[in-house]
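**Q** Structure file query.csv (CSV, C-alpha atoms) is given on the next line.
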chain,number,residue,atom,x,y,z
A,489,MET,CA,-16.8,74.0,22.5
A,490,SER,CA,-14.6,72.8,19.9
A,491,LYS,CA,-15.5,72.5,16.3
A,492,PHE,CA,-13.5,69.4,15.7
A,493,LYS,CA,-14.6,66.4,17.8
A,494,LYS,CA,-11.8,64.3,19.0
A,495,LYS,CA,-11.9,60.7,17.9
A,496,LYS,CA,-12.7,58.3,20.7
A,497,SER,CA,-9.6,56.5,21.3
A,498,GLY,CA,-11.3,53.3,22.6
A,499,ASP,CA,-13.0,52.5,19.3
A,500,LEU,CA,-11.2,49.9,17.1
A,501,PRO,CA,-11.6,50.4,13.4
A,502,ALA,CA,-13.5,47.6,11.7
A,503,ILE,CA,-11.3,44.9,10.1
A,504,SER,CA,-11.6,45.0,6.4
A,505,THR,CA,-13.1,41.8,5.0
A,506,ALA,CA,-12.5,42.7,1.4
A,507,SER,CA,-9.8,40.0,1.0
A,508,LEU,CA,-12.0,37.3,2.6
A,509,PRO,CA,-13.3,36.0,-0.8
A,510,ASP,CA,-9.8,35.7,-2.1
A,511,ILE,CA,-8.8,33.5,0.9
A,512,VAL,CA,-12.0,31.4,0.5
A,513,PHE,CA,-11.4,31.0,-3.2
A,514,MET,CA,-7.9,29.9,-2.6
A,515,LEU,CA,-9.1,27.1,-0.2
A,516,LEU,CA,-11.9,26.3,-2.6
A,517,PHE,CA,-9.5,25.7,-5.5
A,518,PHE,CA,-7.3,23.6,-3.3
A,519,PHE,CA,-10.1,21.3,-2.4
A,520,MET,CA,-11.5,21.2,-5.9
A,521,VAL,CA,-8.1,20.0,-7.2
A,522,ALA,CA,-7.4,17.6,-4.4
A,523,THR,CA,-10.8,15.9,-4.4
A,524,VAL,CA,-11.1,12.4,-5.7
A,525,MET,CA,-14.7,11.3,-5.8
A,526,ARG,CA,-15.2,8.0,-4.1
A,527,GLU,CA,-16.1,5.2,-6.5
A,528,ASN,CA,-17.6,2.9,-4.0
A,529,THR,CA,-19.6,3.6,-0.9
A,530,LEU,CA,-18.0,1.7,1.9
A,531,MET,CA,-20.3,-0.6,3.9
A,532,ILE,CA,-17.5,-1.9,6.1
A,533,GLU,CA,-15.1,-0.5,8.5
A,534,ASN,CA,-11.9,0.2,6.7
A,535,LYS,CA,-9.1,1.3,8.9
A,536,LEU,CA,-6.0,0.3,6.9
A,537,PRO,CA,-2.8,-0.9,8.5
A,538,VAL,CA,0.4,1.1,8.2
A,539,ALA,CA,3.6,0.2,6.4
A,540,ASN,CA,6.6,2.1,5.1
A,541,GLN,CA,7.9,-0.1,2.2
A,542,VAL,CA,5.1,1.0,-0.1
A,543,GLU,CA,4.8,1.4,-3.8
A,544,LYS,CA,2.4,3.9,-5.3
A,545,LEU,CA,-0.3,2.7,-7.6
A,546,ASP,CA,-0.4,4.8,-10.7
A,547,LYS,CA,-2.8,4.0,-13.6
A,548,LYS,CA,-6.0,4.1,-11.5
A,549,ASN,CA,-8.0,2.5,-14.3
A,550,LEU,CA,-6.0,-0.7,-14.1
A,551,VAL,CA,-6.7,-1.3,-10.4
A,552,MET,CA,-9.6,-3.3,-9.1
A,553,TYR,CA,-10.5,-3.0,-5.5
A,554,ILE,CA,-11.5,-5.7,-3.1
A,555,TYR,CA,-12.6,-4.4,0.3
A,556,ALA,CA,-12.9,-6.5,3.5
A,557,GLY,CA,-13.7,-5.8,7.1
A,558,LYS,CA,-16.4,-5.8,9.7
A,559,PRO,CA,-19.7,-4.3,8.5
A,560,SER,CA,-20.0,-0.7,9.7
A,561,SER,CA,-22.6,0.1,12.4
A,562,ARG,CA,-25.4,0.8,9.9
A,563,TYR,CA,-25.2,-2.6,8.3
A,564,LYS,CA,-24.6,-4.6,11.5
A,565,SER,CA,-28.2,-5.7,11.8
A,566,SER,CA,-28.4,-7.0,8.3
A,567,ALA,CA,-24.9,-8.3,7.6
A,568,GLY,CA,-23.8,-9.5,11.0
A,569,THR,CA,-20.6,-8.6,12.9
A,570,GLN,CA,-18.2,-11.0,11.2
A,571,ALA,CA,-15.8,-9.6,8.7
A,572,ARG,CA,-17.2,-9.6,5.2
A,573,ILE,CA,-16.0,-8.9,1.7
A,574,GLN,CA,-17.3,-6.0,-0.3
A,575,LEU,CA,-17.1,-5.9,-4.1
A,576,ASN,CA,-18.4,-2.7,-5.9
A,577,ASP,CA,-21.3,-1.5,-3.8
A,578,LYS,CA,-22.5,-4.7,-2.1
A,579,PHE,CA,-21.4,-7.4,0.3
A,580,ALA,CA,-20.2,-10.5,-1.5
A,581,GLU,CA,-19.4,-14.1,-0.7
A,582,ILE,CA,-16.0,-15.6,-1.3
A,583,GLU,CA,-17.2,-17.4,-4.5
A,584,GLU,CA,-18.2,-14.1,-6.1
A,585,ILE,CA,-14.5,-12.9,-6.4
A,586,ALA,CA,-13.8,-15.0,-9.4
A,587,PRO,CA,-16.7,-13.7,-11.5
A,588,PHE,CA,-15.9,-10.2,-10.3
A,589,VAL,CA,-12.3,-10.5,-11.5
A,590,LEU,CA,-13.5,-11.9,-14.8
A,591,ALA,CA,-16.0,-9.1,-15.3
A,592,GLU,CA,-13.4,-6.5,-14.5
A,593,ARG,CA,-11.1,-8.1,-17.1
A,594,ALA,CA,-13.8,-8.2,-19.7
A,595,SER,CA,-14.4,-4.5,-19.3
A,596,LYS,CA,-10.7,-3.7,-20.1
A,597,ARG,CA,-8.9,-3.6,-23.4
A,598,GLU,CA,-7.1,-6.8,-24.2
A,599,GLU,CA,-3.6,-5.3,-24.1
A,600,GLU,CA,-4.3,-3.9,-20.6
A,601,ILE,CA,-5.2,-7.2,-19.0
A,602,PRO,CA,-1.7,-8.3,-18.0
A,603,PHE,CA,-1.2,-5.1,-16.1
A,604,LEU,CA,-4.3,-5.4,-14.0
A,605,ILE,CA,-3.6,-5.1,-10.2
A,606,THR,CA,-5.9,-6.2,-7.5
A,607,ALA,CA,-5.8,-3.8,-4.5
A,608,LEU,CA,-6.8,-5.4,-1.2
A,609,LYS,CA,-8.2,-2.8,1.1
A,610,VAL,CA,-8.6,-4.8,4.2
A,611,ASP,CA,-9.3,-3.6,7.7
A,612,GLY,CA,-6.5,-4.1,10.1
A,613,GLU,CA,-8.6,-6.1,12.5
A,614,THR,CA,-9.6,-8.7,10.0
A,615,ASN,CA,-8.4,-12.3,10.5
A,616,MET,CA,-5.9,-13.7,8.0
A,617,GLY,CA,-8.3,-16.6,7.3
A,618,LEU,CA,-10.5,-14.3,5.2
A,619,VAL,CA,-7.5,-12.7,3.5
A,620,GLY,CA,-6.1,-16.1,2.8
A,621,ASP,CA,-9.4,-17.2,1.2
A,622,ILE,CA,-9.4,-14.1,-1.0
A,623,LYS,CA,-5.8,-14.8,-2.1
A,624,LYS,CA,-6.7,-18.4,-2.9
A,625,GLU,CA,-9.6,-17.3,-5.1
A,626,LEU,CA,-7.3,-14.8,-6.9
A,627,ARG,CA,-4.8,-17.4,-7.6
A,628,GLU,CA,-7.5,-19.6,-9.1
A,629,VAL,CA,-8.3,-17.0,-11.7
A,630,GLN,CA,-4.7,-16.0,-12.3
A,631,ALA,CA,-5.0,-12.5,-10.9
A,632,LEU,CA,-1.6,-12.8,-9.4
A,633,LYS,CA,-0.6,-9.1,-9.0
A,634,ILE,CA,-1.8,-7.9,-5.8
A,635,ASN,CA,-1.3,-4.9,-3.6
A,636,TYR,CA,-2.0,-4.7,0.1
A,637,THR,CA,-3.2,-1.1,0.4
A,638,THR,CA,-1.8,0.5,3.5
A,639,ARG,CA,-1.4,3.9,5.0
A,640,ILE,CA,2.2,5.2,5.2
A,641,GLY,CA,3.8,5.1,8.6
A,642,ASP,CA,5.8,3.0,11.0
A,643,ALA,CA,4.9,-0.7,10.9
A,644,ALA,CA,5.3,-1.1,14.6
A,645,ASP,CA,2.2,1.0,15.1
A,646,ASN,CA,0.1,-1.9,13.8
A,647,LEU,CA,0.8,-3.9,17.0
A,648,LYS,CA,-0.6,-1.2,19.3
B,894,MET,CA,-27.6,61.4,-25.6
B,895,ALA,CA,-25.6,60.9,-22.5
B,896,ARG,CA,-24.6,57.3,-22.0
B,897,ARG,CA,-25.2,56.2,-18.5
B,898,ALA,CA,-22.4,54.1,-17.0
B,899,ALA,CA,-23.4,50.6,-16.1
B,900,PRO,CA,-24.0,50.2,-12.4
B,901,GLU,CA,-21.3,48.2,-10.6
B,902,VAL,CA,-22.4,44.7,-9.7
B,903,ASN,CA,-22.5,44.2,-6.0
B,904,ALA,CA,-19.8,41.5,-5.2
B,905,GLY,CA,-20.6,41.3,-1.5
B,906,SER,CA,-22.3,37.9,-1.7
B,907,MET,CA,-19.4,36.3,-3.7
B,908,ALA,CA,-17.8,35.2,-0.5
B,909,ASP,CA,-21.0,33.4,0.5
B,910,ILE,CA,-21.1,31.5,-2.8
B,911,ALA,CA,-17.5,30.6,-2.5
B,912,PHE,CA,-18.1,29.4,1.1
B,913,LEU,CA,-21.0,27.2,-0.1
B,914,LEU,CA,-18.8,25.6,-2.7
B,915,LEU,CA,-15.9,25.3,-0.3
B,916,ILE,CA,-18.0,23.5,2.2
B,917,PHE,CA,-19.4,21.1,-0.4
B,918,PHE,CA,-15.9,20.1,-1.5
B,919,LEU,CA,-14.7,19.9,2.1
B,920,VAL,CA,-17.4,17.4,2.9
B,921,THR,CA,-17.0,15.3,-0.3
B,922,THR,CA,-13.2,15.1,-0.1
B,923,THR,CA,-11.7,11.8,0.9
B,924,ILE,CA,-8.0,11.6,0.4
B,925,GLU,CA,-7.8,8.2,-1.0
B,926,THR,CA,-4.8,6.0,-0.2
B,927,ASP,CA,-3.4,4.4,-3.3
B,928,SER,CA,-0.1,3.1,-2.1
B,929,GLY,CA,0.7,-0.3,-0.6
B,930,ILE,CA,2.9,-3.3,-0.5
B,931,SER,CA,3.0,-5.0,-3.9
B,932,ARG,CA,3.3,-8.7,-4.0
B,933,LYS,CA,3.0,-11.4,-6.6
B,934,LEU,CA,1.0,-14.5,-5.8
B,935,PRO,CA,2.3,-17.9,-6.9
B,936,PRO,CA,0.3,-19.4,-9.8
B,937,PRO,CA,-2.1,-22.2,-8.9
B,938,VAL,CA,-0.2,-25.5,-8.5
B,939,ASP,CA,-1.1,-29.0,-9.7
B,940,GLU,CA,-1.7,-31.5,-7.0
B,941,GLN,CA,0.6,-34.0,-8.6
B,942,GLU,CA,3.6,-31.7,-9.0
B,943,LYS,CA,6.1,-32.3,-6.2
B,944,PRO,CA,7.5,-29.2,-4.5
B,945,PRO,CA,11.2,-28.7,-5.0
B,946,ILE,CA,13.4,-30.1,-2.3
B,947,LEU,CA,15.1,-27.3,-0.3
B,948,LYS,CA,17.8,-27.7,2.2
B,949,GLU,CA,16.6,-27.0,5.7
B,950,LYS,CA,19.2,-24.4,6.3
B,951,ASN,CA,18.1,-22.4,3.3
B,952,ILE,CA,14.6,-21.8,4.7
B,953,PHE,CA,13.9,-19.1,7.2
B,954,VAL,CA,10.7,-19.8,8.8
B,955,VAL,CA,8.7,-16.8,10.1
B,956,GLU,CA,5.5,-17.7,11.8
B,957,VAL,CA,2.8,-15.5,13.2
B,958,ASN,CA,0.5,-17.4,15.5
B,959,LYS,CA,-3.1,-16.8,16.4
B,960,ASN,CA,-2.2,-14.6,19.3
B,961,ASN,CA,-0.2,-12.4,16.9
B,962,ASP,CA,3.1,-13.6,18.4
B,963,LEU,CA,6.1,-13.7,16.1
B,964,LEU,CA,8.1,-16.9,15.9
B,965,VAL,CA,11.3,-16.9,13.9
B,966,GLU,CA,12.8,-20.4,13.5
B,967,GLU,CA,10.6,-21.5,16.3
B,968,ALA,CA,11.9,-18.9,18.7
B,969,PRO,CA,9.9,-15.9,19.8
B,970,MET,CA,11.2,-12.5,18.5
B,971,GLU,CA,10.2,-8.9,18.6
B,972,LEU,CA,9.1,-7.3,15.4
B,973,SER,CA,11.9,-4.7,15.6
B,974,GLU,CA,14.5,-7.4,15.5
B,975,LEU,CA,13.0,-9.2,12.5
B,976,ARG,CA,14.5,-7.0,9.8
B,977,ALA,CA,18.1,-7.5,11.0
B,978,ALA,CA,17.5,-11.2,11.4
B,979,ALA,CA,16.2,-11.5,7.9
B,980,VAL,CA,19.1,-9.5,6.5
B,981,ALA,CA,21.6,-11.7,8.4
B,982,PHE,CA,19.9,-14.8,7.0
B,983,LEU,CA,19.7,-13.7,3.4
B,984,ASP,CA,23.2,-12.1,3.3
B,985,ASN,CA,24.9,-15.0,5.1
B,986,GLY,CA,26.5,-16.6,2.0
B,987,GLY,CA,27.8,-19.7,3.8
B,988,GLY,CA,28.0,-21.8,0.6
B,989,LYS,CA,31.2,-23.2,-0.9
B,990,GLY,CA,32.2,-24.0,-4.4
B,991,ASP,CA,29.3,-23.4,-6.8
B,992,ASP,CA,27.1,-22.0,-4.1
B,993,ALA,CA,29.6,-19.4,-2.9
B,994,CYS,CA,28.5,-15.8,-2.8
B,995,ASN,CA,31.1,-13.2,-3.6
B,996,TYR,CA,29.0,-10.1,-2.9
B,997,CYS,CA,27.6,-11.1,0.5
B,998,GLN,CA,28.9,-9.5,3.6
B,999,GLY,CA,27.3,-11.8,6.1
B,1000,ALA,CA,28.7,-14.0,8.8
B,1001,LYS,CA,29.3,-17.0,6.4
B,1002,ASP,CA,27.8,-19.3,9.0
B,1003,PRO,CA,27.7,-22.8,7.5
B,1004,ALA,CA,24.5,-23.5,9.5
B,1005,SER,CA,22.6,-20.6,7.7
B,1006,SER,CA,21.8,-19.9,4.1
B,1007,ASP,CA,24.2,-20.8,1.3
B,1008,ASN,CA,23.4,-18.0,-1.1
B,1009,PRO,CA,20.8,-15.2,-1.4
B,1010,THR,CA,19.6,-16.9,-4.6
B,1011,LYS,CA,18.9,-20.0,-2.7
B,1012,ALA,CA,17.6,-18.5,0.5
B,1013,VAL,CA,13.8,-18.7,0.9
B,1014,ILE,CA,11.8,-16.9,3.6
B,1015,SER,CA,8.7,-18.9,4.5
B,1016,LEU,CA,5.9,-16.8,6.0
B,1017,ARG,CA,3.3,-18.8,7.8
B,1018,ASN,CA,0.2,-17.5,9.5
B,1019,ASN,CA,-2.7,-18.8,11.3
B,1020,ARG,CA,-6.3,-18.2,10.2
B,1021,GLU,CA,-6.8,-16.0,13.3
B,1022,THR,CA,-3.8,-13.9,12.9
B,1023,SER,CA,-4.8,-10.2,12.5
B,1024,TYR,CA,-4.2,-8.6,9.2
B,1025,ALA,CA,-2.4,-5.6,10.7
B,1026,THR,CA,0.2,-7.9,12.3
B,1027,TYR,CA,0.6,-9.8,9.1
B,1028,ILE,CA,1.2,-6.5,7.2
B,1029,ALA,CA,3.7,-5.4,9.8
B,1030,VAL,CA,5.7,-8.6,9.3
B,1031,GLN,CA,5.5,-8.4,5.5
B,1032,ASN,CA,6.7,-4.9,5.7
B,1033,GLU,CA,9.8,-5.8,7.7
B,1034,LEU,CA,10.6,-8.7,5.3
B,1035,VAL,CA,10.2,-6.5,2.2
B,1036,ALA,CA,12.4,-3.9,4.0
B,1037,ALA,CA,15.1,-6.5,4.5
B,1038,TYR,CA,15.2,-7.3,0.8
B,1039,ASN,CA,15.1,-3.6,0.0
B,1040,GLU,CA,18.0,-2.9,2.3
B,1041,LEU,CA,20.2,-5.6,0.6
B,1042,ARG,CA,19.2,-4.4,-2.8
B,1043,ASN,CA,19.9,-0.8,-2.0
B,1044,ARG,CA,23.4,-1.8,-0.7
B,1045,VAL,CA,24.4,-3.8,-3.8
B,1046,ALA,CA,22.9,-1.1,-6.0
B,1047,MET,CA,25.0,1.6,-4.3
B,1048,GLN,CA,28.1,-0.6,-4.9
B,1049,LEU,CA,27.4,-1.3,-8.5
B,1050,TYR,CA,25.6,1.8,-9.8
B,1051,ASN,CA,26.1,4.3,-7.0
B,1052,LYS,CA,22.3,4.7,-6.7
B,1053,THR,CA,19.8,3.1,-4.4
B,1054,PHE,CA,17.5,0.4,-5.8
B,1055,ILE,CA,14.4,2.4,-4.7
B,1056,GLN,CA,15.7,5.4,-6.7
B,1057,MET,CA,16.3,3.2,-9.7
B,1058,GLU,CA,12.8,1.9,-9.6
B,1059,LYS,CA,11.5,5.5,-9.2
B,1060,ASP,CA,13.5,6.6,-12.2
B,1061,LEU,CA,12.1,3.7,-14.3
B,1062,ASN,CA,8.6,5.0,-13.7
B,1063,ASP,CA,9.6,8.6,-14.2
B,1064,VAL,CA,8.7,9.9,-17.7
B,1065,ASN,CA,11.2,12.7,-17.5
B,1066,TYR,CA,14.2,10.4,-16.7
B,1067,PRO,CA,17.0,11.7,-18.9
B,1068,GLY,CA,19.1,8.5,-18.9
B,1069,ASN,CA,18.8,5.3,-20.9
B,1070,LYS,CA,15.8,3.3,-19.7
B,1071,GLU,CA,16.7,0.0,-21.4
B,1072,LYS,CA,20.0,0.1,-19.5
B,1073,LEU,CA,18.3,1.0,-16.3
B,1074,LYS,CA,15.9,-2.0,-16.8
B,1075,ASP,CA,18.9,-4.3,-17.2
B,1076,GLN,CA,20.5,-3.0,-14.1
B,1077,ILE,CA,17.4,-3.4,-12.0
B,1078,LYS,CA,17.1,-7.0,-13.4
B,1079,ARG,CA,20.7,-7.7,-12.4
B,1080,ILE,CA,20.1,-6.6,-8.8
B,1081,GLN,CA,16.9,-8.6,-8.7
B,1082,GLU,CA,18.9,-11.6,-9.7
B,1083,LEU,CA,21.5,-11.0,-7.0
B,1084,TYR,CA,18.9,-10.7,-4.3
B,1085,PRO,CA,15.7,-12.4,-5.6
B,1086,GLU,CA,12.6,-11.9,-3.5
B,1087,LYS,CA,11.9,-15.4,-2.5
B,1088,LEU,CA,9.1,-15.0,0.0
B,1089,SER,CA,6.8,-18.0,0.2
B,1090,GLU,CA,3.5,-17.6,1.8
B,1091,ALA,CA,2.0,-20.9,3.0
B,1092,GLU,CA,-1.7,-21.5,3.2
B,1093,PRO,CA,-2.9,-20.5,6.7
B,1094,LYS,CA,-3.2,-23.3,9.1
B,1095,LYS,CA,-6.5,-23.9,10.8
How would this structure read if it were set down as structure tokens?

**A**
Amino acid sequence: MSKFKKKKSGDLPAISTASLPDIVFMLLFFFMVATVMRENTLMIENKLPVANQVEKLDKKNLVMYIYAGKPSSRYKSSAGTQARIQLNDKFAEIEEIAPFVLAERASKREEEIPFLITALKVDGETNMGLVGDIKKELREVQALKINYTTRIGDAADNLK
Amino acid sequence: MARRAAPEVNAGSMADIAFLLLIFFLVTTTIETDSGISRKLPPPVDEQEKPPILKEKNIFVVEVNKNNDLLVEEAPMELSELRAAAVAFLDNGGGKGDDACNYCQGAKDPASSDNPTKAVISLRNNRETSYATYIAVQNELVAAYNELRNRVAMQLYNKTFIQMEKDLNDVNYPGNKEKLKDQIKRIQELYPEKLSEAEPKK
């Protein structure tokens, strides 16, 4: 009978979790910094096409967004399956683009108005007819600076 | 009186709180895309105003039909060949006399464009063309212009055009911005982006 018991060799020591909060906090701070709260709730499918000759849009407050695409599955019963335009938080008709642009302009300071850019976030599967109509409306109200928002990647992927 | 030491706060649940917050931000995060192809639309035109007359050889017709097929000058083409074809057209410089182009390196084919300042790319699409295809074609055409501008910028200022534009927007750029703006303008004059988008056909 020995006084000192031998340690069982099969027992693994518990892993210390003392640094777990540190790791979690690190991740937390990353996501807090990287988060951009969505301004609009999307009611349409919005899988953007890819391109590589892109310019970055700075000055977020000078950008107005026009979304277009097929209504997402939740809204299919009420909005149909054809591609629609979304302005702010609701579906819109093509005639509503001009008042929308004018309202956006009215909300900005006068000296900022020439720098306003319209970003078209259009789903890749949309027909060009709709996009053409949007462009025509934008021309009518002299909103000539546009940006086709795209993901960054190889353009040949669009054709797959 | 003996002062009792304050008992240590148990920090064991800190990880739980942090996890809760982490999961909240994970769920709400959407990495927004805010980059894209910038274009300028033409201003609305008067019905009476006659369009300027262009020589047939100075127009490069790119058409995307409703089956998303690419037709360049009425002949089918693969998307991967479009950039090279557009560069060859823009950089042809087949003009003589006043129209001559001394910085072009193209084939100087008299049947193709006279001068990059005269050459127009006309992009036509059908109402049923898909947007993704259209963007892919736009991307290739913009790439062709960028390629030529980069080349001439390297020759003149030993810097790519993309880099020059980046410097212009960079607040920490050490050089003279006015000068840079003039240089960019000069390159834009050498290779102006003349990309005409026709109204989609029914």

**Q** Name all residues at most 8 Å from Pro509 in chain A (count only C-alpha atoms; drop same-chain ones fewer than 6 positions away) and give them as a list in words.

**A**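 Here the answer would be Met907, Ala908 and Ala911 of chain B.
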
**Q** Find the spatial neighbours of range 621-623 of chain A, counting all atoms listed in the file, within a cut-off of 9 Å - ignore same-chain residues fewer than 5 positions away - and output them as a compact mmCIF listing (two decimals) with C-alpha atoms, keeping the file's coordinate frame.

**A**
# COMPACT_ATOMS: atom_id res chain seq x y z
CA ILE A 554 -11.50 -5.70 -3.10
CA ILE A 573 -16.00 -8.90 1.70
CA ILE A 582 -16.00 -15.60 -1.30
CA ILE A 585 -14.50 -12.90 -6.40
CA MET A 616 -5.90 -13.70 8.00
CA GLU A 628 -7.50 -19.60 -9.10
CA LEU A 632 -1.60 -12.80 -9.40
CA ILE A 634 -1.80 -7.90 -5.80
CA LEU B 934 1.00 -14.50 -5.80

**Q** Taking (-17.5, 37.1, 3.8) in the file's coordinates, which residues come within 12 Å, counting all atoms listed in the file, written as a PyMOL selection string?

**A** (chain A and resi 503-513) or (chain B and resi 904-913)

**Q** Would you mind telling me which residue in A:Met552, A:Leu590, A:Met531, A:Ala644 lies nearest to chain B when using only C-alpha atoms?

**A**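 That would be A:Ala644, the residue with the smallest distance to chain B.
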
**Q** Near chain A, meaning an atom within 9 Å, which residues of chain B appear when counting all atoms listed in the file? Write them as a compact mmCIF listing (two decimals) with C-alpha atoms, in the frame of the given file.

**A**
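Result went into part.txt, see below:
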# COMPACT_ATOMS: atom_id res chain seq x y z
CA GLY B 905 -20.60 41.30 -1.50
CA MET B 907 -19.40 36.30 -3.70
CA ALA B 908 -17.80 35.20 -0.50
CA ASP B 909 -21.00 33.40 0.50
CA ALA B 911 -17.50 30.60 -2.50
CA PHE B 912 -18.10 29.40 1.10
CA LEU B 914 -18.80 25.60 -2.70
CA LEU B 915 -15.90 25.30 -0.30
CA ILE B 916 -18.00 23.50 2.20
CA PHE B 918 -15.90 20.10 -1.50
CA LEU B 919 -14.70 19.90 2.10
CA THR B 921 -17.00 15.30 -0.30
CA THR B 922 -13.20 15.10 -0.10
CA THR B 923 -11.70 11.80 0.90
CA ILE B 924 -8.00 11.60 0.40
CA GLU B 925 -7.80 8.20 -1.00
CA THR B 926 -4.80 6.00 -0.20
CA ASP B 927 -3.40 4.40 -3.30
CA SER B 928 -0.10 3.10 -2.10
CA GLY B 929 0.70 -0.30 -0.60
CA ILE B 930 2.90 -3.30 -0.50
CA SER B 931 3.00 -5.00 -3.90
CA ARG B 932 3.30 -8.70 -4.00
CA LYS B 933 3.00 -11.40 -6.60
CA LEU B 934 1.00 -14.50 -5.80
CA PRO B 935 2.30 -17.90 -6.90
CA PRO B 936 0.30 -19.40 -9.80
CA PRO B 937 -2.10 -22.20 -8.90
CA ASN B 961 -0.20 -12.40 16.90
CA LEU B 972 9.10 -7.30 15.40
CA SER B 973 11.90 -4.70 15.60
CA ASN B 1018 0.20 -17.50 9.50
CA ASN B 1019 -2.70 -18.80 11.30
CA ARG B 1020 -6.30 -18.20 10.20
CA GLU B 1021 -6.80 -16.00 13.30
CA THR B 1022 -3.80 -13.90 12.90
CA SER B 1023 -4.80 -10.20 12.50
CA TYR B 1024 -4.20 -8.60 9.20
CA ALA B 1025 -2.40 -5.60 10.70
CA THR B 1026 0.20 -7.90 12.30
CA TYR B 1027 0.60 -9.80 9.10
CA ILE B 1028 1.20 -6.50 7.20
CA ALA B 1029 3.70 -5.40 9.80
CA VAL B 1030 5.70 -8.60 9.30
CA GLN B 1031 5.50 -8.40 5.50
CA ASN B 1032 6.70 -4.90 5.70
CA GLU B 1033 9.80 -5.80 7.70
CA VAL B 1035 10.20 -6.50 2.20
CA ALA B 1036 12.40 -3.90 4.00
CA ASN B 1039 15.10 -3.60 0.00
CA GLU B 1092 -1.70 -21.50 3.20
CA PRO B 1093 -2.90 -20.50 6.70
CA LYS B 1094 -3.20 -23.30 9.10
CA LYS B 1095 -6.50 -23.90 10.80

**Q** Using all atoms listed in the file, collect all residues at a distance of at most 10 Å from (28.6, -12.9, 7.4) as written in the file, then present them as a ChimeraX atom specification.

**A** /B:981-987,997-1003,1005

**Q** Using only C-alpha atoms for the distances, tell me which of B:Glu1090, B:Pro945, B:Val902, B:Val1045 is nearest to Val957 in chain B.

**A** B:Glu1090

**Q** CA of Leu550 in chain A to CA of Ala591 in chain A: how many Å, to one decimal?

**A**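 Pair CA of Leu550 in chain A / CA of Ala591 in chain A returns 13.1 Å.
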
**Q** Do you have the CA of Phe579 in chain A-CA of Lys959 in chain B distance handy?

**A**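 Calculated distance between CA of Phe579 in chain A and CA of Lys959 in chain B is 26.1 Å.
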
**Q** May I ask for the distance between CA of Asn549 in chain A and CA of Glu533 in chain A, given in Å to one decimal place?

**A**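 Computing it gives 24.1 Å between the two atoms.
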
**Q** Pick out the residues sitting within 8 Å of Lys950 in chain B, and hand them over as a PDB file with C-alpha atoms, in the coordinates of the input; count only C-alpha atoms, and ignore anything fewer than 6 positions along from it in its own chain.

**A**
ATOM      1  CA  ALA B1004      24.500 -23.500   9.500  1.00  0.00           C
ATOM      2  CA  SER B1005      22.600 -20.600   7.700  1.00  0.00           C
ATOM      3  CA  SER B1006      21.800 -19.900   4.100  1.00  0.00           C
ATOM      4  CA  ASP B1007      24.200 -20.800   1.300  1.00  0.00           C
TER       5      ASP B1007
END

**Q** Given only C-alpha atoms as the basis, pick out the residue of B:Ile1077, B:Met970, B:Cys994, B:Leu1041 nearest to Lys1011 in chain B.

**A**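 That would be B:Cys994, the residue with the smallest distance to Lys1011 in chain B.
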